[in-house]
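Shown next, in structure tokens, is the structure this report addresses.
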Amino acid sequence: MTTLVRPLTPEEVVALVNDWGTSPRQVGDRSGRPQPTSSYPRTAPAVATAVADRIHAVFAATEPAEQARLVTAMLDEAAPRVLMTVADGRAVAAWSVSAPGDSLLAAAALALCEHLTAHPHRLGVCADRQCADVYVDASPAGRRRFCSLTCQNRARVAAFRERRRTAGDS
Ligand SMILES: [Zn+2]
């Protein structure tokens with residue numbers, strides 16, 4: 001038996017991690033919020049969180065070798081296979097897994113593999129101290145450090161207060 005797997009989009013990867021990941025929920029204080037419905041509705045919450053935590057580690061890794069090792073471990077475990085199927089009367093390539101429970105891990109691993117290959121150094125974790133959300137850096141310069149403008153502004157205000165406090169001490 002095979003289950004077809006659709007690789008996630010980068011936006012879906014980010015949403016999965018920030019909605020279900022342990023550290024985004026704890027650091028961002030989202031623990032009280034209801035869990036969202038993911039694009040894989042039949043996935044158990046525990047599985048979504050486990051996959052989200054593994055993806056978070058890839059975003060947090062700064063070395064390409066570490067990212068490659070983590071994604072390879074995900075691919076090894078989910079073991080997606082390429083096959084051919086028919087869509088709109090045409091033969092197309094598709095991915096499948098043997099165990100339906102591995103489909104989310106496979107979908108995430110395939111997405112990370114593709115994105116890291118095409119866009120190295122573009123994944124990150126928010127630099128704000130009160131946030132552990134991840135982001136995909138699509139800025140032209142590639143210097144993004146925060147998940148959102150909210151976090152960027154909060155960090156800026158905190159840095160300003162810190163400077164003023166230090167200046168007042170001296
Ligand atoms: Zn943030």
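Here's how to read the names in the structure tokens: chain A, B, ... by the order shown, residue numbers from 1 in each chain, ligand numbers from 1 in the order shown.
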Using DSSP on the backbone coordinates, identify all residues within region 44-148 of chain A classified as alpha helix (DSSP H); present the result as a PyMOL selection string.
chain A and resi 45-60+64-78+103-118
Kindly compile the residues surrounding ligand 1 within 12 Å, counting only C-alpha atoms and all ligand atoms, and format them as a PyMOL selection string.
chain A and resi 18+23-25+27-29+124-135+144-155
Export of the given selection (C-alpha atoms) as a PDB file, in the first residue's frame:
ATOM      1  CA  ASN A  18       5.088  28.033  14.209  1.00  0.00           C
ATOM      2  CA  SER A  23       9.456  26.001  21.329  1.00  0.00           C
ATOM      3  CA  PRO A  24       7.474  28.488  19.143  1.00  0.00           C
ATOM      4  CA  ARG A  25       4.397  27.704  21.242  1.00  0.00           C
ATOM      5  CA  VAL A  27       8.469  30.924  23.927  1.00  0.00           C
ATOM      6  CA  GLY A  28       5.738  32.765  22.021  1.00  0.00           C
ATOM      7  CA  ASP A  29       3.262  31.891  24.794  1.00  0.00           C
ATOM      8  CA  GLY A 124      16.141  31.296  10.266  1.00  0.00           C
ATOM      9  CA  VAL A 125      14.676  31.565  13.761  1.00  0.00           C
ATOM     10  CA  CYS A 126      13.373  34.943  14.989  1.00  0.00           C
ATOM     11  CA  ALA A 127      16.038  36.937  16.844  1.00  0.00           C
ATOM     12  CA  ASP A 128      13.520  38.408  19.314  1.00  0.00           C
ATOM     13  CA  ARG A 129      13.965  37.030  22.833  1.00  0.00           C
ATOM     14  CA  GLN A 130      10.229  36.506  23.323  1.00  0.00           C
ATOM     15  CA  CYS A 131       9.772  34.575  20.096  1.00  0.00           C
ATOM     16  CA  ALA A 132      11.042  31.309  18.605  1.00  0.00           C
ATOM     17  CA  ASP A 133       9.089  31.400  15.347  1.00  0.00           C
ATOM     18  CA  VAL A 134      10.850  30.489  12.122  1.00  0.00           C
ATOM     19  CA  TYR A 135      10.922  32.374   8.823  1.00  0.00           C
ATOM     20  CA  ARG A 144      16.263  39.095   7.678  1.00  0.00           C
ATOM     21  CA  ARG A 145      16.449  38.392  11.438  1.00  0.00           C
ATOM     22  CA  PHE A 146      12.845  38.520  12.664  1.00  0.00           C
ATOM     23  CA  CYS A 147       9.693  36.531  11.909  1.00  0.00           C
ATOM     24  CA  SER A 148       7.506  39.637  11.740  1.00  0.00           C
ATOM     25  CA  LEU A 149       7.446  43.427  12.007  1.00  0.00           C
ATOM     26  CA  THR A 150       5.898  43.037  15.467  1.00  0.00           C
ATOM     27  CA  CYS A 151       8.981  41.196  16.710  1.00  0.00           C
ATOM     28  CA  GLN A 152      11.355  43.561  14.913  1.00  0.00           C
ATOM     29  CA  ASN A 153       9.721  46.578  16.583  1.00  0.00           C
ATOM     30  CA  ARG A 154       9.619  44.929  20.008  1.00  0.00           C
ATOM     31  CA  ALA A 155      13.315  44.058  19.784  1.00  0.00           C
TER      32      ALA A 155
END
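Across the structure, CA of Asp137 (chain A) and CA of Ala118 (chain A) are spaced 12.8 Å apart.
Between CA of Ala73 (chain A) and CA of Gln26 (chain A) the separation is 25.4 Å.
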Contact residues around Leu116 (chain A) with only C-alpha atoms at 9 Å, ignoring same-chain residues under 4 positions, as a short mmCIF file (atom, residue, chain, number, x, y, z; two decimals) with C-alpha atoms, in the first residue's frame:
data_model
loop_
_atom_site.label_atom_id
_atom_site.label_comp_id
_atom_site.auth_asym_id
_atom_site.auth_seq_id
_atom_site.Cartn_x
_atom_site.Cartn_y
_atom_site.Cartn_z
CA PRO A 64 24.89 23.65 5.92
CA GLN A 67 21.08 21.11 7.98
CA ALA A 68 21.96 18.40 5.45
CA ALA A 111 10.23 20.63 0.92
CA LEU A 112 13.35 21.36 3.00
CA PRO A 120 20.92 28.22 0.86
CA HIS A 121 21.18 30.46 3.97
CA ARG A 122 17.55 31.55 3.77
CA LEU A 123 16.02 29.80 6.79
#
CA of Thr9 (chain A) and CA of Ala107 (chain A) are how many Å apart?
9.1 Å
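Using only C-alpha atoms, the smallest distance between any of A:Ala141, A:Val97, A:Met74, A:Leu16 and Thr2 (chain A) comes from A:Val97.
The strand (DSSP E) portion of region 73-158 of chain A consists of Arg81, Val82, Leu83, Met84, Thr85, Val86, Ala87, Arg90, Ala91, Val92, Ala93, Ala94, Trp95, Ser96, Val97, Leu123, Gly124, Val125, Val134, Tyr135 and Val136 of chain A, with states taken from DSSP on the backbone.
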Which of these, A:Glu77, A:Asp102, A:Glu66, A:Asp19, has the shortest distance to Ala52 (chain A) once you count only C-alpha atoms?
A:Asp19
From the list A:Ala138, A:Thr166, A:Arg161, A:Val17, which residue is nearest Ala57 (chain A) when using only C-alpha atoms?
A:Val17
